[in-house]
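One file, work03.txt, carrying compact mmCIF, C-alpha atoms:
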# COMPACT_ATOMS: atom_id res chain seq x y z
CA MET M 108 16.16 13.27 -19.42
CA SER M 109 17.57 11.08 -16.69
CA VAL M 110 15.51 8.28 -15.24
CA LYS M 111 15.81 9.71 -11.75
CA LEU M 112 14.37 13.03 -12.76
CA LYS M 113 11.57 11.42 -14.69
CA ALA M 114 10.63 9.26 -11.71
CA LEU M 115 10.71 12.28 -9.44
CA THR M 116 8.51 14.44 -11.62
CA LYS M 117 6.12 11.62 -12.49
CA SER M 118 5.34 10.68 -8.92
CA ILE M 119 4.95 13.71 -6.70
CA TRP M 120 3.50 12.85 -3.33
CA VAL M 121 2.04 15.90 -1.75
CA PHE M 122 1.91 16.64 1.93
CA HIS M 123 -0.54 19.29 2.88
CA LEU M 124 0.62 21.56 5.66
CA ALA M 125 -1.99 23.86 7.08
CA ALA M 126 -0.36 26.76 8.90
CA SER M 127 -3.43 28.46 10.32
CA PRO M 128 -5.36 28.89 7.09
CA CYS M 129 -9.03 29.81 6.76
CA ASN M 130 -9.57 26.33 5.22
CA ASN M 131 -10.57 27.73 1.87
CA CYS M 132 -7.34 26.72 0.14
CA ASP M 133 -7.52 23.33 1.85
CA ILE M 134 -10.95 22.64 0.44
CA GLU M 135 -9.69 23.57 -2.99
CA ILE M 136 -6.76 21.16 -2.56
CA LEU M 137 -9.18 18.35 -1.90
CA ASP M 138 -10.99 19.33 -5.10
CA LEU M 139 -7.89 18.22 -6.96
CA LEU M 140 -8.68 14.63 -6.05
CA THR M 141 -12.22 14.73 -7.38
CA PRO M 142 -13.19 13.21 -10.75
CA ARG M 143 -13.13 16.57 -12.50
CA PHE M 144 -9.44 17.26 -11.85
CA ASP M 145 -8.06 13.88 -10.71
CA ILE M 146 -4.38 14.64 -10.19
CA GLU M 147 -3.69 10.95 -9.75
CA ARG M 148 -3.43 10.99 -13.55
CA PHE M 149 -0.06 12.68 -13.05
CA GLY M 150 0.95 10.28 -10.29
CA MET M 151 0.30 12.83 -7.57
CA GLN M 152 -1.06 11.61 -4.28
CA LEU M 153 -1.93 13.21 -1.00
CA VAL M 154 0.06 11.50 1.75
CA GLY M 155 -0.49 11.61 5.48
CA SER M 156 3.08 11.71 6.71
CA VAL M 157 5.66 14.37 5.91
CA ARG M 158 8.27 11.61 5.62
CA HIS M 159 6.64 10.45 2.40
CA ALA M 160 6.38 13.91 0.88
CA ASP M 161 7.97 15.16 -2.34
CA ALA M 162 6.15 18.45 -2.26
CA ILE M 163 4.77 20.35 0.69
CA LEU M 164 1.79 22.57 0.06
CA VAL M 165 1.73 25.27 2.69
CA THR M 166 -1.51 27.16 3.13
CA GLY M 167 -2.45 29.87 5.53
CA SER M 168 -1.06 32.88 7.28
CA MET M 169 1.97 31.91 9.29
CA ASN M 170 1.61 33.47 12.68
CA ARG M 171 4.27 33.52 15.35
CA LYS M 172 3.39 30.15 16.83
CA ALA M 173 2.75 28.34 13.56
CA ARG M 174 6.07 29.56 12.13
CA ILE M 175 8.28 27.52 14.48
CA ARG M 176 6.31 24.36 13.96
CA LEU M 177 6.15 24.89 10.23
CA LYS M 178 9.92 25.11 10.05
CA ARG M 179 10.30 21.95 12.09
CA VAL M 180 7.89 19.97 9.90
CA ILE M 181 9.54 21.10 6.68
CA GLU M 182 12.95 20.11 8.05
CA GLN M 183 11.60 16.60 8.63
CA ALA M 184 10.87 16.02 4.96
CA PRO M 185 13.29 13.81 3.04
CA LYS M 186 15.23 15.68 0.35
CA PRO M 187 14.71 16.42 -2.54
CA CYS M 188 11.47 18.08 -1.53
CA PHE M 189 9.67 21.08 -2.96
CA VAL M 190 7.93 23.72 -0.90
CA ILE M 191 4.95 25.38 -2.53
CA ALA M 192 3.25 28.45 -1.12
CA LEU M 193 -0.43 28.12 -1.82
CA GLY M 194 -2.84 31.01 -1.70
CA ASN M 195 -2.34 34.71 -1.16
CA CYS M 196 -1.74 34.31 2.58
CA ALA M 197 1.25 32.04 2.15
CA CYS M 198 2.57 34.08 -0.79
CA THR M 199 2.36 37.58 0.64
CA GLY M 200 0.48 37.59 3.93
CA GLU M 201 -2.54 39.13 2.21
CA MET M 202 -4.68 41.36 4.41
CA PHE M 203 -3.26 39.84 7.57
CA ALA M 204 0.19 41.21 6.78
CA PRO M 205 -0.01 44.22 9.15
CA SER M 206 -1.61 42.21 11.96
CA TYR M 207 -0.30 42.18 15.53
CA ASN M 208 0.87 38.56 15.64
CA GLN M 209 3.78 39.20 13.27
CA MET M 210 2.65 37.84 9.96
CA LYS M 211 5.31 36.90 7.51
CA PRO M 212 4.99 35.44 4.03
CA LEU M 213 6.28 31.89 3.70
CA ASP M 214 9.44 32.78 1.78
CA GLU M 215 10.76 34.74 4.73
CA VAL M 216 10.54 31.59 6.84
CA VAL M 217 11.73 28.84 4.50
CA PRO M 218 12.94 28.77 0.87
CA VAL M 219 9.98 28.42 -1.47
CA ASP M 220 10.05 26.73 -4.87
CA ALA M 221 6.73 27.85 -6.28
CA TYR M 222 4.02 30.39 -5.55
CA ILE M 223 0.39 29.83 -6.41
CA ALA M 224 -1.66 32.96 -5.88
CA GLY M 225 -5.39 33.22 -5.39
CA CYS M 226 -7.82 33.45 -2.54
CA PRO M 227 -8.38 30.58 -2.82
CA PRO M 228 -6.53 29.54 -6.00
CA LYS M 229 -8.58 27.56 -8.47
CA PRO M 230 -7.69 23.88 -8.86
CA GLU M 231 -6.69 24.69 -12.44
CA ALA M 232 -4.25 27.28 -11.10
CA MET M 233 -2.76 24.74 -8.72
CA ILE M 234 -2.24 22.19 -11.48
CA MET M 235 -0.67 24.92 -13.61
CA GLY M 236 1.59 25.95 -10.78
CA VAL M 237 2.82 22.40 -10.23
CA VAL M 238 3.34 21.90 -13.97
CA ALA M 239 5.37 25.11 -14.06
CA LEU M 240 7.43 23.83 -11.14
CA ILE M 241 8.08 20.52 -12.91
CA GLU M 242 9.08 22.31 -16.11
CA ALA M 243 11.40 24.64 -14.22
CA THR M 244 13.01 21.66 -12.48
CA LEU M 245 13.54 19.87 -15.77
CA ALA M 246 14.95 23.02 -17.39
CA ALA M 247 17.31 23.56 -14.46
CA ALA M 248 18.53 19.97 -14.73
CA LYS M 249 19.29 20.35 -18.43
CA LYS M 250 21.69 23.25 -17.87
CA MET V 426 11.57 -10.49 -10.03
CA ILE V 427 8.40 -11.90 -11.56
CA ALA V 428 6.62 -11.28 -8.29
CA ALA V 429 7.79 -7.67 -8.26
CA VAL V 430 6.73 -7.00 -11.84
CA VAL V 431 3.35 -8.71 -11.52
CA GLY V 432 2.86 -7.13 -8.11
CA MET V 433 3.47 -3.68 -9.54
CA PHE V 434 0.96 -4.47 -12.25
CA ALA V 435 -1.52 -5.58 -9.60
CA HIS V 436 -0.97 -2.37 -7.67
CA TRP V 437 -1.55 -0.30 -10.78
CA PHE V 438 -4.63 -2.35 -11.62
CA ASP V 439 -5.94 -1.82 -8.11
CA ARG V 440 -5.46 1.94 -8.28
CA LYS V 441 -6.85 2.18 -11.79
CA ILE V 442 -10.00 0.24 -10.92
CA THR V 443 -10.41 2.36 -7.80
CA ALA V 444 -10.17 5.45 -9.96
CA ARG V 445 -12.69 4.09 -12.46
CA VAL V 446 -15.08 3.20 -9.66
CA GLN V 447 -14.84 6.79 -8.48
CA TRP V 448 -15.34 8.03 -12.03
CA ARG V 449 -11.76 9.23 -12.36
CA VAL V 450 -9.09 8.58 -14.99
CA GLY V 451 -6.52 7.01 -12.70
CA PRO V 452 -2.74 6.72 -12.77
CA PRO V 453 -0.69 5.77 -15.84
CA PHE V 454 0.49 2.19 -16.30
CA PHE V 455 4.06 2.76 -15.15
CA GLN V 456 3.05 4.62 -12.01
CA PRO V 457 4.32 1.97 -9.51
CA TRP V 458 7.68 1.95 -11.32
CA TYR V 459 7.94 5.73 -11.03
CA ASP V 460 6.90 5.63 -7.38
CA PHE V 461 9.43 2.96 -6.54
CA LEU V 462 12.29 4.62 -8.43
CA LYS V 463 11.52 7.95 -6.86
CA LEU V 464 11.48 6.44 -3.38
CA LEU V 465 14.88 4.88 -4.08
CA ILE V 466 16.49 8.24 -4.81
CA LYS V 467 14.97 10.01 -1.85
CA GLU V 468 16.77 10.60 1.40
CA VAL V 469 16.33 7.97 4.11
CA ILE V 470 15.69 9.59 7.46
CA VAL V 471 16.20 7.64 10.65
CA PRO V 472 14.25 9.50 13.31
CA GLU V 473 15.87 10.45 16.58
CA GLY V 474 15.11 7.88 19.26
CA ALA V 475 14.61 5.06 16.77
CA GLN V 476 16.33 1.68 16.96
CA LYS V 477 18.46 2.22 13.89
CA PHE V 478 19.27 -1.40 13.03
CA THR V 479 15.77 -2.79 13.50
CA PHE V 480 14.24 0.20 11.77
CA LEU V 481 16.33 -0.26 8.63
CA ALA V 482 16.45 -4.07 8.66
CA ALA V 483 12.66 -4.51 8.81
CA PRO V 484 11.92 -3.57 5.17
CA LEU V 485 14.80 -5.76 3.96
CA VAL V 486 13.51 -8.76 5.91
CA SER V 487 10.05 -8.11 4.54
CA VAL V 488 11.14 -8.06 0.89
CA ALA V 489 13.46 -11.03 1.38
CA SER V 490 10.77 -13.27 2.85
CA VAL V 491 8.25 -12.43 0.14
CA SER V 492 10.86 -13.13 -2.51
CA VAL V 493 11.58 -16.54 -0.99
CA VAL V 494 7.87 -17.36 -1.00
CA ALA V 495 7.55 -16.26 -4.61
CA ALA V 496 10.52 -18.40 -5.61
CA LEU V 497 9.13 -21.42 -3.74
CA LEU V 498 5.68 -21.08 -5.30
CA ILE V 499 6.92 -20.58 -8.84
CA ARG V 500 9.30 -23.51 -8.48
CA THR V 501 6.44 -25.66 -7.26
CA ILE V 502 4.34 -24.67 -10.26
CA VAL V 503 7.09 -25.49 -12.72
CA PHE V 504 8.30 -28.70 -11.03
CA PRO V 505 5.37 -29.96 -8.89
CA ALA V 506 7.05 -33.32 -8.32
CA GLU V 507 10.30 -31.98 -6.91
CA THR V 508 9.12 -30.12 -3.83
CA PHE V 509 10.04 -31.07 -0.28
CA ILE V 510 7.67 -32.25 2.42
CA GLY V 511 6.28 -29.43 4.54
CA ASP V 512 6.84 -26.59 2.10
CA LEU V 513 3.25 -25.56 2.67
CA ILE V 514 4.12 -24.80 6.28
CA VAL V 515 7.25 -22.92 5.24
CA VAL V 516 5.17 -20.77 2.91
CA ILE V 517 2.56 -20.07 5.60
CA TYR V 518 5.25 -19.00 8.04
CA LEU V 519 7.11 -16.88 5.51
CA LEU V 520 3.87 -15.14 4.54
CA THR V 521 3.47 -13.80 8.07
CA ILE V 522 6.99 -12.38 8.17
CA PRO V 523 6.21 -9.17 6.23
CA SER V 524 3.56 -8.30 8.81
CA GLN V 525 5.98 -9.06 11.63
CA ALA V 526 8.68 -6.97 9.98
CA LEU V 527 6.18 -4.15 9.73
CA ILE V 528 5.36 -4.47 13.44
CA LEU V 529 9.06 -4.48 14.36
CA GLY V 530 9.79 -1.52 12.14
CA ALA V 531 6.84 0.39 13.50
CA PHE V 532 7.83 -0.18 17.11
CA ALA V 533 11.47 0.60 16.34
CA SER V 534 10.60 3.96 14.84
CA GLY V 535 9.58 5.35 18.21
CA ASN V 536 6.56 7.19 16.86
CA PRO V 537 3.36 6.83 18.90
CA LEU V 538 1.16 6.63 15.81
CA ALA V 539 3.46 4.01 14.31
CA SER V 540 3.32 1.87 17.42
CA LEU V 541 -0.45 2.23 17.38
CA GLY V 542 -0.38 0.95 13.80
CA GLY V 543 1.98 -1.83 14.86
CA SER V 544 -0.25 -3.00 17.66
CA ARG V 545 -3.25 -2.94 15.34
CA GLU V 546 -1.31 -5.00 12.81
CA MET V 547 -0.55 -7.49 15.56
CA LYS V 548 -4.22 -7.82 16.46
CA LEU V 549 -5.05 -8.13 12.78
CA ILE V 550 -2.63 -11.07 12.44
CA LEU V 551 -4.18 -12.68 15.50
CA SER V 552 -7.64 -12.29 13.99
CA TYR V 553 -7.11 -13.62 10.47
CA GLU V 554 -4.40 -16.22 11.00
CA LEU V 555 -6.66 -18.82 12.64
CA PRO V 556 -9.38 -18.93 9.95
CA PHE V 557 -6.62 -18.68 7.31
CA LEU V 558 -4.94 -21.83 8.62
CA LEU V 559 -8.27 -23.66 9.03
CA ALA V 560 -9.23 -22.80 5.47
CA ILE V 561 -5.85 -23.97 4.17
CA LEU V 562 -6.40 -27.29 5.94
CA VAL V 563 -9.33 -27.98 3.60
CA PRO V 564 -7.20 -28.52 0.45
CA VAL V 565 -4.71 -30.37 2.63
CA VAL V 566 -7.38 -32.81 3.79
CA LYS V 567 -8.83 -33.08 0.29
CA ALA V 568 -5.47 -33.97 -1.20
CA GLY V 569 -5.07 -36.89 1.21
CA GLU V 570 -3.57 -35.08 4.20
CA THR V 571 -0.38 -34.02 2.56
CA ILE V 572 1.57 -30.89 3.46
CA ARG V 573 3.49 -30.88 0.20
CA LEU V 574 2.40 -28.11 -2.17
CA GLY V 575 3.38 -30.12 -5.23
CA ALA V 576 1.24 -33.06 -4.07
CA ILE V 577 -1.79 -30.80 -3.68
CA LEU V 578 -1.23 -29.44 -7.18
CA GLN V 579 -0.84 -32.94 -8.62
CA TYR V 580 -3.93 -34.15 -6.78
CA GLN V 581 -5.97 -31.36 -8.33
CA GLY V 582 -4.47 -32.14 -11.72
CA THR V 583 -5.98 -35.61 -11.61
CA GLU V 584 -9.04 -35.30 -9.36
CA GLY V 585 -10.30 -31.82 -10.18
CA ALA V 586 -10.06 -28.54 -8.32
CA VAL V 587 -10.67 -28.27 -4.59
CA ILE V 588 -13.08 -25.41 -5.21
CA ALA V 589 -15.43 -27.76 -7.07
CA SER V 590 -16.83 -29.09 -3.78
CA VAL V 591 -18.99 -27.74 -0.98
CA SER V 592 -16.18 -27.47 1.55
CA GLY V 593 -13.93 -26.04 -1.16
CA VAL V 594 -16.33 -23.20 -1.94
CA ILE V 595 -16.88 -22.34 1.73
CA SER V 596 -13.19 -22.36 2.56
CA PHE V 597 -12.42 -20.34 -0.58
CA VAL V 598 -14.74 -17.57 0.59
CA VAL V 599 -13.06 -17.69 4.01
CA VAL V 600 -9.60 -17.50 2.51
CA LEU V 601 -10.56 -14.58 0.28
CA LEU V 602 -11.63 -12.65 3.39
CA CYS V 603 -8.36 -13.58 5.08
CA MET V 604 -6.45 -12.45 2.01
CA GLN V 605 -8.15 -9.08 2.21
CA ALA V 606 -6.92 -8.79 5.79
CA LYS V 607 -3.47 -10.16 4.98
CA LEU V 608 -2.96 -7.51 2.34
CA ALA V 609 -4.37 -4.91 4.77
CA LYS V 610 -7.00 -3.62 2.37
CA VAL V 611 -10.25 -1.91 3.35
CA PRO V 612 -12.31 -2.98 5.36
CA PHE V 613 -9.38 -4.50 7.23
CA ASP V 614 -6.83 -1.71 6.83
CA ALA V 615 -6.94 -0.47 10.41
CA PRO V 616 -3.11 -0.71 10.77
CA GLU V 617 -2.45 1.87 8.09
CA ALA V 618 -5.62 3.90 8.35
CA GLU V 619 -4.62 6.97 6.40
CA THR V 620 -7.24 9.32 7.71
CA GLU V 621 -6.88 8.60 11.41
CA ILE V 622 -3.31 7.54 12.16
CA MET V 623 -1.51 8.88 9.07
CA ALA V 624 -0.35 5.70 7.32
CA GLY V 625 0.20 4.15 10.76
CA ALA V 626 3.18 1.85 10.82
CA TYR V 627 4.77 3.52 7.79
CA ILE V 628 4.64 7.01 9.23
CA GLU V 629 8.36 7.40 9.96
CA TYR V 630 9.61 5.56 6.89
CA SER V 631 11.03 7.57 4.04
CA GLY V 632 12.99 7.02 0.85
CA ALA V 633 14.34 3.60 0.00
CA ALA V 634 13.12 1.98 3.23
CA LEU V 635 9.56 3.00 2.44
CA GLY V 636 10.10 1.88 -1.15
CA LEU V 637 11.12 -1.59 -0.01
CA PHE V 638 8.06 -1.85 2.23
CA LYS V 639 5.84 -0.78 -0.65
CA LEU V 640 7.57 -3.29 -2.91
CA SER V 641 6.97 -6.11 -0.47
CA GLN V 642 3.34 -5.04 -0.22
CA TRP V 643 2.98 -5.17 -3.99
CA MET V 644 4.73 -8.52 -4.15
CA MET V 645 2.30 -9.83 -1.55
CA MET V 646 -0.48 -8.83 -3.96
CA PHE V 647 1.00 -11.37 -6.35
CA VAL V 648 2.12 -14.05 -3.91
CA VAL V 649 -0.98 -14.44 -1.76
CA PRO V 650 -3.49 -14.76 -4.65
CA LEU V 651 -1.08 -17.15 -6.38
CA PHE V 652 -0.84 -19.27 -3.24
CA ILE V 653 -4.63 -19.37 -2.97
CA MET V 654 -5.01 -20.24 -6.63
CA MET V 655 -2.53 -23.08 -6.27
CA LEU V 656 -4.39 -24.54 -3.31
CA TRP V 657 -7.94 -24.14 -4.58
CA ILE V 658 -7.93 -23.85 -8.36
CA GLY V 659 -4.75 -25.81 -9.04
CA ALA V 660 -6.50 -27.90 -11.69
CA VAL V 661 -5.47 -25.32 -14.24
CA ASN V 662 -2.45 -27.26 -15.42
CA TRP V 663 0.17 -24.56 -15.52
CA ARG V 664 2.61 -26.30 -17.82
CA GLN V 665 0.36 -27.73 -20.44
CA THR V 666 -0.65 -25.03 -22.88
CA PRO V 667 -0.36 -21.28 -23.22
CA LEU V 668 -4.14 -21.16 -23.01
CA ASN V 669 -4.03 -22.44 -19.44
CA ILE V 670 -1.57 -19.76 -18.44
CA PHE V 671 -3.99 -17.31 -20.00
CA PHE V 672 -6.83 -18.74 -17.91
CA ALA V 673 -4.68 -18.57 -14.80
CA ALA V 674 -3.94 -14.91 -15.52
CA LEU V 675 -7.66 -14.30 -15.96
CA ILE V 676 -8.44 -15.93 -12.61
CA TYR V 677 -5.69 -13.90 -10.98
CA ILE V 678 -7.07 -10.67 -12.40
CA GLY V 679 -10.49 -11.75 -11.25
CA ILE V 680 -9.26 -12.19 -7.69
CA ILE V 681 -7.55 -8.80 -7.73
CA LEU V 682 -10.69 -7.23 -9.19
CA PHE V 683 -12.81 -8.79 -6.46
CA MET V 684 -10.41 -7.48 -3.83
CA THR V 685 -10.45 -3.98 -5.29
CA LEU V 686 -14.21 -3.88 -5.53
CA VAL V 687 -14.59 -5.07 -1.94
CA ARG V 688 -12.14 -2.40 -0.87
CA ASN V 689 -14.04 0.30 -2.71
CA THR V 690 -17.50 -0.61 -1.51
CA ASN V 691 -16.77 -1.04 2.17
CA VAL V 692 -15.82 1.15 5.06
CA ARG V 693 -12.95 0.59 7.44
CA LEU V 694 -13.82 -1.51 10.47
CA ARG V 695 -12.49 -0.82 13.92
CA ILE V 696 -9.89 -3.30 15.10
CA ASP V 697 -12.23 -4.83 17.69
CA GLN V 698 -14.89 -5.25 15.02
CA ILE V 699 -12.33 -6.98 12.82
CA MET V 700 -11.40 -9.38 15.60
CA LYS V 701 -15.03 -10.10 16.37
CA PHE V 702 -15.77 -10.62 12.69
CA PHE V 703 -12.93 -13.10 12.19
CA TRP V 704 -13.25 -15.01 15.44
CA ALA V 705 -17.01 -15.14 15.85
CA ARG V 706 -18.13 -15.41 12.22
CA VAL V 707 -15.33 -16.52 9.90
CA THR V 708 -13.65 -19.09 12.13
CA PRO V 709 -16.82 -21.18 12.72
CA VAL V 710 -17.46 -21.15 8.98
CA ALA V 711 -13.90 -22.36 8.40
CA VAL V 712 -14.41 -25.10 10.99
CA ILE V 713 -17.60 -26.21 9.25
CA ALA V 714 -15.74 -26.29 5.93
CA LEU V 715 -13.03 -28.42 7.53
CA ILE V 716 -15.57 -30.87 8.99
CA LEU V 717 -17.25 -31.13 5.59
CA ALA V 718 -13.87 -31.81 4.03
CA PHE V 719 -13.27 -34.64 6.52
CA LEU V 720 -16.67 -36.07 5.61
CA GLY V 721 -15.54 -36.03 2.00
CA LEU V 722 -17.86 -33.34 0.71
Represent the structure of the file as structure tokens.
Amino acid sequence: MSVKLKALTKSIWVFHLAASPCNNCDIEILDLLTPRFDIERFGMQLVGSVRHADAILVTGSMNRKARIRLKRVIEQAPKPCFVIALGNCACTGEMFAPSYNQMKPLDEVVPVDAYIAGCPPKPEAMIMGVVALIEATLAAAKK
Amino acid sequence: MIAAVVGMFAHWFDRKITARVQWRVGPPFFQPWYDFLKLLIKEVIVPEGAQKFTFLAAPLVSVASVSVVAALLIRTIVFPAETFIGDLIVVIYLLTIPSQALILGAFASGNPLASLGGSREMKLILSYELPFLLAILVPVVKAGETIRLGAILQYQGTEGAVIASVSGVISFVVVLLCMQAKLAKVPFDAPEAETEIMAGAYIEYSGAALGLFKLSQWMMMFVVPLFIMMLWIGAVNWRQTPLNIFFAALIYIGIILFMTLVRNTNVRLRIDQIMKFFWARVTPVAVIALILAFLGL
């Protein structure tokens, strides 16, 4: 395994992007920082600026107005950067899918690297999702 | 190099202790290395409307000045007799350059939150620099009004540490507070307040530029405590035995531990509260310490 890849997977700084969520997923994200889950063990940190991000957690149901801004924020992130769709809303649109303000799941707006389902997903599920993403990245690099 | 390695250790120690205080496990030992390496391989984005040269030069200047300070200090420790007159002043000036580089970089990035962070950093410098200088004058006066670092070290080697006197203790407390502000740790971290202005001055920095800023911050965590130890506790004769180096390391860890605990048990002050605190409370105390030092206490 190359040093670069190791450094990248060992220190994932997460930017949390709320695209009109109901705040349930967001509360669960903050649970990851609590003593019970403590993702700092894996070198993950929540950062305040998208310029520092290695992974962007997108929560919420992208409506027409949020979509444009979401795209712009994701474009501002330095590459390589992962995009993770968190929660059923971001993955599929959930029950808001047929709504009048043109709901779209996240992967129709920007390319998505990982999906974490749940409403809201459990912190365990989020950790599992990120671990799966790391493993997939490592496997892809080996080929 | 030494500064970078020890600084990274200090950063890890800081985060680990923070985690333990919050009943968490905390990051692994090599975390700062991973962070730094990762930042090096990331893309560097220069935002539209930024002053490109200043924006990219600021982190370089920052790291360069801290490295020079580290080299000067370590050289002084190894050869205390061979330093030049006035190196104390050089060190004091060079220690402010990282903050100034941060201000320049923040203003050059053209982000309103960054310039807010920059202006707060400027006010922070204005607040702590005066008591910092006054406190540093105490060892200077004690060592027979010399501004040569080596002479201060040698004085303490023969006459005992500066901290073993009334004025020494008072000024040491003052300088610890100033160190907390110099390293921009809570309660004096208004310039990079993460929850209100999103990492403030660093907001537009990404990739290697951010990495260099972080590196200079970590190096400062080595350089500033070392500087303080040299001026106040210099009696630990650095060259004599391995045991003394061990003691010095213990004192260093103690200072870092103190800093971390202060940072974890306090809340962030507003910038006007910081200024009031330093000018109305800390500066008079520093002046008293200086007067006591002149009286020979």
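Around V:Glu570, within 12 Å and counting only C-alpha atoms, the residues found are Ile510, Gly511, Leu513, Ile561, Leu562, Val563, Pro564, Val565, Ala576, Ile577, Tyr580, Ala718 and Phe719 of chain V, once anything fewer than 5 positions away on its own chain is removed.
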Quick one: everything within 9 Å of V:Phe638, counting all atoms listed in the file, minus sequence neighbours fewer than 5 positions away in the same chain. Send it as a VMD selection string. chain V and resid 483 to 485 487 to 488 523 527 627 630 633 643
Quick one: which residues from chain M are at most 12 Å off chain V, using all atoms listed in the file, as a PyMOL selection string? chain M and resi 109-120+122+139-161+182-188
Using the selection just defined, write its residues with C-alpha atoms as a CSV table (one decimal), keeping the file's coordinate frame.
chain,number,residue,atom,x,y,z
M,109,SER,CA,17.6,11.1,-16.7
M,110,VAL,CA,15.5,8.3,-15.2
M,111,LYS,CA,15.8,9.7,-11.8
M,112,LEU,CA,14.4,13.0,-12.8
M,113,LYS,CA,11.6,11.4,-14.7
M,114,ALA,CA,10.6,9.3,-11.7
M,115,LEU,CA,10.7,12.3,-9.4
M,116,THR,CA,8.5,14.4,-11.6
M,117,LYS,CA,6.1,11.6,-12.5
M,118,SER,CA,5.3,10.7,-8.9
M,119,ILE,CA,5.0,13.7,-6.7
M,120,TRP,CA,3.5,12.8,-3.3
M,122,PHE,CA,1.9,16.6,1.9
M,139,LEU,CA,-7.9,18.2,-7.0
M,140,LEU,CA,-8.7,14.6,-6.0
M,141,THR,CA,-12.2,14.7,-7.4
M,142,PRO,CA,-13.2,13.2,-10.8
M,143,ARG,CA,-13.1,16.6,-12.5
M,144,PHE,CA,-9.4,17.3,-11.8
M,145,ASP,CA,-8.1,13.9,-10.7
M,146,ILE,CA,-4.4,14.6,-10.2
M,147,GLU,CA,-3.7,11.0,-9.8
M,148,ARG,CA,-3.4,11.0,-13.6
M,149,PHE,CA,-0.1,12.7,-13.0
M,150,GLY,CA,1.0,10.3,-10.3
M,151,MET,CA,0.3,12.8,-7.6
M,152,GLN,CA,-1.1,11.6,-4.3
M,153,LEU,CA,-1.9,13.2,-1.0
M,154,VAL,CA,0.1,11.5,1.8
M,155,GLY,CA,-0.5,11.6,5.5
M,156,SER,CA,3.1,11.7,6.7
M,157,VAL,CA,5.7,14.4,5.9
M,158,ARG,CA,8.3,11.6,5.6
M,159,HIS,CA,6.6,10.4,2.4
M,160,ALA,CA,6.4,13.9,0.9
M,161,ASP,CA,8.0,15.2,-2.3
M,182,GLU,CA,13.0,20.1,8.0
M,183,GLN,CA,11.6,16.6,8.6
M,184,ALA,CA,10.9,16.0,5.0
M,185,PRO,CA,13.3,13.8,3.0
M,186,LYS,CA,15.2,15.7,0.4
M,187,PRO,CA,14.7,16.4,-2.5
M,188,CYS,CA,11.5,18.1,-1.5
Quick one: distance from atom CA of V:Gly535 to atom CA of V:Ala475 in Å, one decimal?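 Distance reported for this atom pair: 5.2 Å.
Atom pair atom CA of V:Ala634 / atom CA of V:Pro612 has a distance of 26.0 Å (rounded to one decimal).
Here atom CA of M:Lys211 stands at a distance of 14.0 Å from atom CA of M:Leu193.
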Find the residues near V:Thr508: any atom within 10 Å, counting all atoms listed in the file, skip ones fewer than 2 places away on the same chain, and give them as JSON, numbers by chain. {"V": [497, 498, 500, 501, 502, 504, 505, 506, 510, 511, 512, 513, 573, 574, 575, 576]}
Excluding V:His436 and its own-chain neighbours fewer than 3 positions away, which residues fall within 10 Å of it when counting all atoms listed in the file? Please give them as a VMD selection string. chain V and resid 430 to 433 439 to 442 454 456 to 457 639 to 640 642 to 644 646 to 647 681 685
Do a neighbour search on V:Val611 at 7 Å with all atoms listed in the file, toss out local chain neighbours closer than 6 positions, and write the hits as a PDB file with C-alpha atoms, keeping the file's coordinate frame.
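Final output, selection-v3.pdb:
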ATOM      1  CA  ARG V 688     -12.140  -2.400  -0.870  1.00  0.00           C
ATOM      2  CA  ASN V 691     -16.770  -1.040   2.170  1.00  0.00           C
ATOM      3  CA  VAL V 692     -15.820   1.150   5.060  1.00  0.00           C
ATOM      4  CA  ARG V 693     -12.950   0.590   7.440  1.00  0.00           C
TER       5      ARG V 693
END
Which residue of M:Ala125, M:Ala204, M:Val180, M:Ala221 approaches M:Ile241 most closely, using all atoms listed in the file: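 Of M:Ala125, M:Ala204, M:Val180, M:Ala221, the one nearest M:Ile241, counting all atoms listed in the file, is M:Ala221.
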